[in-house]
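One file, structure35.txt, carrying compact mmCIF, C-alpha atoms:
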# COMPACT_ATOMS: atom_id res chain seq x y z
CA MET S 192 62.48 74.84 89.90
CA SER S 193 64.14 71.81 91.47
CA LEU S 194 62.20 69.46 93.71
CA HIS S 195 64.76 69.89 96.47
CA SER S 196 64.61 73.69 96.56
CA ALA S 197 60.82 73.77 96.12
CA SER S 198 59.94 71.29 98.84
CA PRO S 199 62.36 70.92 101.77
CA ALA S 200 62.25 67.64 103.65
CA ARG S 201 60.31 67.18 106.86
CA VAL S 202 60.97 64.90 109.81
CA VAL S 203 58.91 62.36 111.74
CA LEU S 204 60.23 62.20 115.30
CA LEU S 205 59.95 58.67 116.70
CA CYS S 206 60.38 58.34 120.45
CA GLY S 207 59.43 55.79 123.10
CA PRO S 208 61.05 54.01 126.05
CA SER S 209 64.37 52.28 125.48
CA GLY S 210 63.60 48.86 124.01
CA SER S 211 60.20 49.79 122.59
CA GLY S 212 61.22 48.93 119.02
CA LYS S 213 61.95 52.37 117.56
CA SER S 214 64.89 51.25 115.42
CA LEU S 215 62.90 48.34 113.98
CA VAL S 216 59.92 50.52 113.09
CA ALA S 217 62.18 53.17 111.56
CA ALA S 218 63.92 50.53 109.43
CA ARG S 219 60.63 48.96 108.34
CA SER S 220 59.27 52.34 107.26
CA GLY S 221 61.66 52.36 104.30
CA LEU S 222 62.50 56.02 105.00
CA PRO S 223 65.98 57.46 105.67
CA VAL S 224 66.79 57.33 109.38
CA LEU S 225 68.72 59.70 111.65
CA ARG S 226 69.76 57.94 114.87
CA LEU S 227 69.34 60.48 117.64
CA ASP S 228 71.13 58.26 120.18
CA ASP S 229 74.35 59.20 118.39
CA PHE S 230 74.03 62.64 119.96
CA TYR S 231 74.68 61.45 123.52
CA LYS S 232 77.26 63.42 125.46
CA GLU S 233 80.59 61.68 126.06
CA GLY S 234 81.27 59.86 129.32
CA ASP S 235 83.75 62.46 130.60
CA ASP S 236 81.39 65.40 130.10
CA PRO S 237 81.08 67.18 133.48
CA THR S 238 77.43 68.09 132.79
CA LEU S 239 76.28 64.46 132.74
CA PRO S 240 73.56 63.78 135.35
CA LEU S 241 73.73 61.00 137.92
CA VAL S 242 70.98 58.65 139.05
CA ALA S 243 69.70 59.92 142.40
CA GLY S 244 71.48 58.16 145.27
CA SER S 245 73.91 56.42 142.91
CA SER S 246 77.23 56.90 141.15
CA ASP S 247 75.69 55.66 137.87
CA ILE S 248 75.40 58.15 135.04
CA ASP S 249 71.74 58.66 134.19
CA TRP S 250 71.77 57.93 130.45
CA ASP S 251 67.97 58.10 130.46
CA SER S 252 67.92 61.77 131.41
CA PRO S 253 67.60 64.31 128.58
CA GLU S 254 70.53 66.11 130.20
CA SER S 255 72.80 63.29 128.96
CA TRP S 256 71.95 64.22 125.37
CA ASP S 257 72.95 67.16 123.14
CA ALA S 258 69.61 68.46 121.87
CA ASP S 259 71.12 71.53 120.21
CA VAL S 260 73.42 69.52 117.94
CA ALA S 261 70.61 67.06 117.17
CA VAL S 262 68.31 69.89 116.04
CA GLN S 263 71.12 71.32 113.92
CA ALA S 264 71.47 67.95 112.17
CA ILE S 265 67.71 67.69 111.59
CA SER S 266 67.63 71.24 110.22
CA SER S 267 70.55 70.51 107.88
CA LEU S 268 68.89 67.36 106.54
CA CYS S 269 65.66 69.22 105.90
CA ALA S 270 67.38 72.13 104.17
CA THR S 271 70.20 70.45 102.24
CA GLY S 272 69.60 66.69 102.30
CA SER S 273 72.84 65.94 104.16
CA THR S 274 74.49 66.36 107.55
CA GLY S 275 77.37 65.12 109.67
CA VAL S 276 76.47 62.67 112.43
CA PRO S 277 78.67 61.60 115.36
CA VAL S 278 79.68 57.95 115.46
CA TYR S 279 78.88 57.07 119.07
CA ASP S 280 80.05 53.94 120.88
CA LEU S 281 77.60 53.14 123.67
CA ALA S 282 79.92 50.66 125.39
CA SER S 283 82.66 53.27 125.89
CA SER S 284 80.29 56.26 126.08
CA SER S 285 82.35 58.15 123.52
CA ARG S 286 82.25 59.63 120.05
CA THR S 287 84.68 57.73 117.87
CA GLY S 288 84.32 59.76 114.69
CA GLU S 289 81.82 61.37 112.36
CA ALA S 290 79.83 60.00 109.43
CA ALA S 291 77.95 61.75 106.65
CA LEU S 292 74.24 61.09 106.26
CA HIS S 293 72.70 61.89 102.88
CA ILE S 294 68.98 61.70 102.14
CA GLY S 295 69.13 63.51 98.80
CA ARG S 296 65.76 64.82 97.65
CA THR S 297 63.72 62.44 99.83
CA PRO S 298 60.87 64.62 101.19
CA LEU S 299 60.55 62.77 104.52
CA PHE S 300 62.87 61.06 107.00
CA VAL S 301 62.68 59.57 110.50
CA ALA S 302 64.69 60.80 113.49
CA GLU S 303 64.43 58.12 116.18
CA GLY S 304 65.67 57.97 119.75
CA ILE S 305 64.54 57.97 123.36
CA PHE S 306 64.84 61.76 123.54
CA ALA S 307 63.12 62.59 120.24
CA ALA S 308 60.13 64.09 122.07
CA GLU S 309 62.43 66.65 123.67
CA VAL S 310 62.74 68.48 120.34
CA VAL S 311 59.15 68.20 119.07
CA GLU S 312 58.30 71.82 119.84
CA ARG S 313 61.57 73.15 118.43
CA CYS S 314 61.08 71.24 115.18
CA ARG S 315 57.49 72.44 114.97
CA GLU S 316 58.53 76.06 115.50
CA LEU S 317 61.16 75.69 112.76
CA GLY S 318 58.56 74.30 110.36
CA LEU S 319 60.37 70.94 110.11
CA LEU S 320 57.88 68.58 111.78
CA ALA S 321 55.69 66.15 109.83
CA ASP S 322 54.64 63.99 112.81
CA ALA S 323 55.78 62.89 116.27
CA LEU S 324 55.15 59.35 117.49
CA CYS S 325 55.73 57.64 120.84
CA LEU S 326 56.06 53.87 120.46
CA THR S 327 54.76 51.79 123.36
CA ARG S 328 54.82 48.01 123.95
CA GLY S 329 54.14 47.66 127.70
CA PRO S 330 56.70 47.74 130.55
CA VAL S 331 57.35 43.98 130.81
CA THR S 332 57.79 43.43 127.08
CA THR S 333 60.02 46.48 126.83
CA PHE S 334 62.13 45.35 129.82
CA ARG S 335 62.75 41.93 128.30
CA ARG S 336 63.51 43.24 124.83
CA ARG S 337 65.81 45.99 126.13
CA PHE S 338 67.82 43.67 128.36
CA GLN S 339 68.29 41.05 125.64
CA ARG S 340 69.42 43.70 123.14
CA ASP S 341 71.79 45.50 125.52
CA LEU S 342 73.31 42.21 126.69
CA ARG S 343 73.76 40.97 123.12
CA GLU S 344 75.41 44.24 122.05
CA GLY S 345 77.56 44.55 125.17
CA ARG S 346 76.39 48.09 125.78
CA LYS S 347 77.21 48.19 129.50
CA SER S 348 78.06 45.78 132.32
CA VAL S 349 75.41 43.26 133.39
CA PRO S 350 74.94 44.80 136.88
CA PHE S 351 74.45 48.24 135.30
CA LEU S 352 71.95 46.84 132.79
CA LEU S 353 69.95 45.14 135.54
CA ARG S 354 69.86 48.29 137.70
CA ARG S 355 68.85 50.41 134.72
CA GLY S 356 66.29 47.88 133.51
CA TRP S 357 64.53 47.65 136.87
CA ARG S 358 64.50 51.46 137.19
CA LEU S 359 63.04 51.90 133.70
CA LEU S 360 60.46 49.16 134.24
CA ARG S 361 59.04 51.10 137.17
CA ALA S 362 59.31 54.45 135.35
CA GLU S 363 57.95 53.47 131.93
CA ARG S 364 54.44 54.85 132.35
CA SER S 365 55.79 58.22 133.48
CA ILE S 366 58.29 58.22 130.58
CA VAL S 367 55.50 57.68 128.08
CA ALA S 368 53.32 60.32 129.79
CA ARG S 369 56.15 62.86 129.52
CA GLN S 370 56.68 62.17 125.84
CA ILE S 371 52.97 62.54 125.14
CA ALA S 372 52.95 65.83 127.06
CA LEU S 373 55.83 67.02 124.88
CA GLY S 374 53.71 66.48 121.78
CA ALA S 375 54.19 62.87 120.66
CA HIS S 376 51.25 60.60 119.75
CA ALA S 377 51.30 57.28 121.62
CA CYS S 378 50.87 54.25 119.36
CA ASP S 379 51.84 50.64 118.80
CA ARG S 380 54.05 49.35 115.99
CA ASP S 381 51.28 48.90 113.43
CA GLU S 382 49.81 52.36 113.94
CA ALA S 383 53.28 53.91 113.82
CA LEU S 384 54.01 52.24 110.48
CA SER S 385 50.61 53.33 109.15
CA ARG S 386 51.19 56.96 110.13
CA LEU S 387 54.70 56.90 108.69
CA ALA S 388 53.34 55.57 105.40
CA ALA S 389 50.62 58.22 105.33
CA ALA S 390 53.12 60.98 106.06
CA ALA S 391 55.39 59.73 103.28
CA VAL S 392 52.55 59.70 100.75
CA GLY S 393 51.50 63.19 101.80
CA ARG S 394 55.02 64.60 101.50
CA GLN S 395 55.56 62.97 98.10
CA ALA S 396 52.31 64.45 96.82
CA GLY S 397 53.25 67.85 98.18
CA ALA S 398 56.69 67.65 96.60
CA ARG S 399 55.25 66.80 93.19
CA ALA S 400 52.79 69.68 93.42
CA ALA S 401 55.58 72.10 94.30
CA VAL S 402 57.61 71.38 91.16
Could you take the file, read its structure, and then write that structure out as structure tokens?
Amino acid sequence: MSLHSASPARVVLLCGPSGSGKSLVAARSGLPVLRLDDFYKEGDDPTLPLVAGSSDIDWDSPESWDADVAVQAISSLCATGSTGVPVYDLASSSRTGEAALHIGRTPLFVAEGIFAAEVVERCRELGLLADALCLTRGPVTTFRRRFQRDLREGRKSVPFLLRRGWRLLRAERSIVARQIALGAHACDRDEALSRLAAAAVGRQAGARAAV
């Protein structure tokens, strides 16, 4: 019996406020990574929510994100080791193509993004979940890191970034509380890396035993 058919992959969902360091932790884990931010809706989608009292699109609302397609991609990776992923340009708020992601027979991968907690229960019900982590750094640190990153990458206009940054600074504690309520474990970078390493060792041992 092949390793792949005997032991399907599982996912660690890594969430946290924008700017909390999710991409860095995912990269440092050494595991394959699915970027959930690539599943944003496009800027002309009529279902996109607006910030209350503003004409700004609320890109921090789960309604700006396609959870169904994200779960399909996670399920495909777990079952077959490959999936198609949208290529999303944050500056233009549009999908510019599609890329293939292959994880082969790797028994564990990370799916990271600000909305990862939104699909914790669905992944658990499907038997795909290895762990769910919410990365936290503190509102001020996150604000500074997020603004520097978004400015460097030219994600949106400076006025938009400042309005969004101030709004998220004030909302960070409630964002983290929501993600915990959805099933994610709050932790700092070091604990996240430790849990990722432990999950990887456990999945590798389980995969060997299943052969």
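Comparing S:Ala377, S:Leu222, S:Leu353, S:Ile248 by their smallest distance to Ile294 in chain S, the closest is S:Leu222 (using all atoms listed in the file).
Among the candidate residues S:Arg346, S:Val203, S:Val260, S:Arg369, the one lying nearest to Val216 in chain S is S:Val203, with distances computed using all atoms listed in the file.
Note that the spacing between CA of Arg201 in chain S and CA of Cys269 in chain S amounts to 5.8 Å.
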message: Residues within 7 Å of (56.1, 51.4, 115.0), file coordinates, counting only C-alpha atoms: what are they? Give the list as a PyMOL selection string.
response: chain S and resi 212-213+216+326+379-384
Would you place a box with edges along x, y and z of the file around all atoms of range 265-270 of chain S listed there, add 8 Å to each of its six sides, and report the centre and edge lengths in Å to one decimal, as AutoDock Vina command-line options?
--center_x 68.1 --center_y 69.7 --center_z 107.9 --size_x 20.9 --size_y 20.8 --size_z 23.4
task: Figure out the distance between CA of Val301 in chain S and CA of Arg336 in chain S, please, to one decimal in Å.
output: 21.7 Å
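When all atoms listed in the file are used to compute distances to Ser267 in chain S, the closest of the residues S:Leu204, S:Leu352, S:Ala368, S:Leu319 turns out to be S:Leu319.
Picture a line from CA of Leu324 in chain S to CA of Cys206 in chain S; it runs 6.1 Å.
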- prompt: Residues around (61.5, 67.9, 117.9), cut-off 12 Å, counting all atoms listed in the file - what are they as an MDAnalysis selection string?
  reply: chainID S and resid 201:206 227 258:259 261:266 301:324 370 373:375
Would you write out those residues with C-alpha atoms, as a JSON list (two decimals), in the frame of the given file?
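Result file selection22.json:
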[["chain", "number", "residue", "atom", "x", "y", "z"],
["S", 201, "ARG", "CA", 60.31, 67.18, 106.86],
["S", 202, "VAL", "CA", 60.97, 64.90, 109.81],
["S", 203, "VAL", "CA", 58.91, 62.36, 111.74],
["S", 204, "LEU", "CA", 60.23, 62.20, 115.30],
["S", 205, "LEU", "CA", 59.95, 58.67, 116.70],
["S", 206, "CYS", "CA", 60.38, 58.34, 120.45],
["S", 227, "LEU", "CA", 69.34, 60.48, 117.64],
["S", 258, "ALA", "CA", 69.61, 68.46, 121.87],
["S", 259, "ASP", "CA", 71.12, 71.53, 120.21],
["S", 261, "ALA", "CA", 70.61, 67.06, 117.17],
["S", 262, "VAL", "CA", 68.31, 69.89, 116.04],
["S", 263, "GLN", "CA", 71.12, 71.32, 113.92],
["S", 264, "ALA", "CA", 71.47, 67.95, 112.17],
["S", 265, "ILE", "CA", 67.71, 67.69, 111.59],
["S", 266, "SER", "CA", 67.63, 71.24, 110.22],
["S", 301, "VAL", "CA", 62.68, 59.57, 110.50],
["S", 302, "ALA", "CA", 64.69, 60.80, 113.49],
["S", 303, "GLU", "CA", 64.43, 58.12, 116.18],
["S", 304, "GLY", "CA", 65.67, 57.97, 119.75],
["S", 305, "ILE", "CA", 64.54, 57.97, 123.36],
["S", 306, "PHE", "CA", 64.84, 61.76, 123.54],
["S", 307, "ALA", "CA", 63.12, 62.59, 120.24],
["S", 308, "ALA", "CA", 60.13, 64.09, 122.07],
["S", 309, "GLU", "CA", 62.43, 66.65, 123.67],
["S", 310, "VAL", "CA", 62.74, 68.48, 120.34],
["S", 311, "VAL", "CA", 59.15, 68.20, 119.07],
["S", 312, "GLU", "CA", 58.30, 71.82, 119.84],
["S", 313, "ARG", "CA", 61.57, 73.15, 118.43],
["S", 314, "CYS", "CA", 61.08, 71.24, 115.18],
["S", 315, "ARG", "CA", 57.49, 72.44, 114.97],
["S", 316, "GLU", "CA", 58.53, 76.06, 115.50],
["S", 317, "LEU", "CA", 61.16, 75.69, 112.76],
["S", 318, "GLY", "CA", 58.56, 74.30, 110.36],
["S", 319, "LEU", "CA", 60.37, 70.94, 110.11],
["S", 320, "LEU", "CA", 57.88, 68.58, 111.78],
["S", 321, "ALA", "CA", 55.69, 66.15, 109.83],
["S", 322, "ASP", "CA", 54.64, 63.99, 112.81],
["S", 323, "ALA", "CA", 55.78, 62.89, 116.27],
["S", 324, "LEU", "CA", 55.15, 59.35, 117.49],
["S", 370, "GLN", "CA", 56.68, 62.17, 125.84],
["S", 373, "LEU", "CA", 55.83, 67.02, 124.88],
["S", 374, "GLY", "CA", 53.71, 66.48, 121.78],
["S", 375, "ALA", "CA", 54.19, 62.87, 120.66]]
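Using all atoms listed in the file, the smallest distance between any of S:Ala290, S:Gly356, S:Arg394, S:Arg328 and Cys378 in chain S comes from S:Arg328.
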message: Residues within 7 Å of Pro208 in chain S, please, as a ChimeraX atom specification. Count only C-alpha atoms; anything in the same chain fewer than 5 positions from it doesn't count.
response: /S:305,363,366-367
Residues from the last selection, C-alpha atoms, saved as a short mmCIF file (atom, residue, chain, number, x, y, z; two decimals), keeping the file's coordinate frame:
data_model
loop_
_atom_site.label_atom_id
_atom_site.label_comp_id
_atom_site.auth_asym_id
_atom_site.auth_seq_id
_atom_site.Cartn_x
_atom_site.Cartn_y
_atom_site.Cartn_z
CA ILE S 305 64.54 57.97 123.36
CA GLU S 363 57.95 53.47 131.93
CA ILE S 366 58.29 58.22 130.58
CA VAL S 367 55.50 57.68 128.08
#
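With all atoms listed in the file as the basis for measurement, S:Phe351 is the residue among S:Tyr279, S:Phe230, S:Phe351, S:Phe334 that approaches Asp249 in chain S most closely.
With only C-alpha atoms taken into account, the protein and nucleic acid residues at most 12 Å from Leu241 in chain S (excluding it and anything under 5 positions from it in its own chain) are S:Gly234, S:Asp236, S:Ser246, S:Asp247, S:Ile248, S:Asp249, S:Trp250, S:Asp251, S:Ser252, S:Pro253, S:Glu254, S:Ser255.
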Determine, using only C-alpha atoms, which residues of range 288-357 of chain S have any atom at most 10 Å from an atom of range 273-277 of chain S, and tabulate each with its shortest atom pair and distance in Å to one decimal place, rows ordered by chain and then rising number, as a Markdown table.
| residue | atom | partner | partner_atom | distance |
| --- | --- | --- | --- | --- |
| S:Gly288 | CA | S:Pro277 | CA | 6.0 |
| S:Glu289 | CA | S:Pro277 | CA | 4.4 |
| S:Ala290 | CA | S:Val276 | CA | 5.2 |
| S:Ala291 | CA | S:Gly275 | CA | 4.6 |
| S:Leu292 | CA | S:Thr274 | CA | 5.4 |
| S:His293 | CA | S:Ser273 | CA | 4.2 |
| S:Ile294 | CA | S:Ser273 | CA | 6.1 |
| S:Gly295 | CA | S:Ser273 | CA | 7.0 |
| S:Arg296 | CA | S:Ser273 | CA | 9.7 |
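Ranking S:Asp257, S:Thr297, S:Ala362, S:Asp280 by their shortest atom-to-atom distance to Pro199 in chain S, with all atoms listed in the file included, puts S:Thr297 first.
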query: If you count all atoms listed in the file, which residues fall within 9 Å of range 282-287 of chain S, apart from same-chain ones fewer than 6 positions away, as a count of residues only?
result: 12
task: Just the residues within 6 Å of range 330-333 of chain S, please, counting all atoms listed in the file, with nothing from its chain fewer than 2 positions along; format it as an MDAnalysis selection string.
output: chainID S and resid 210:211 335:337 360
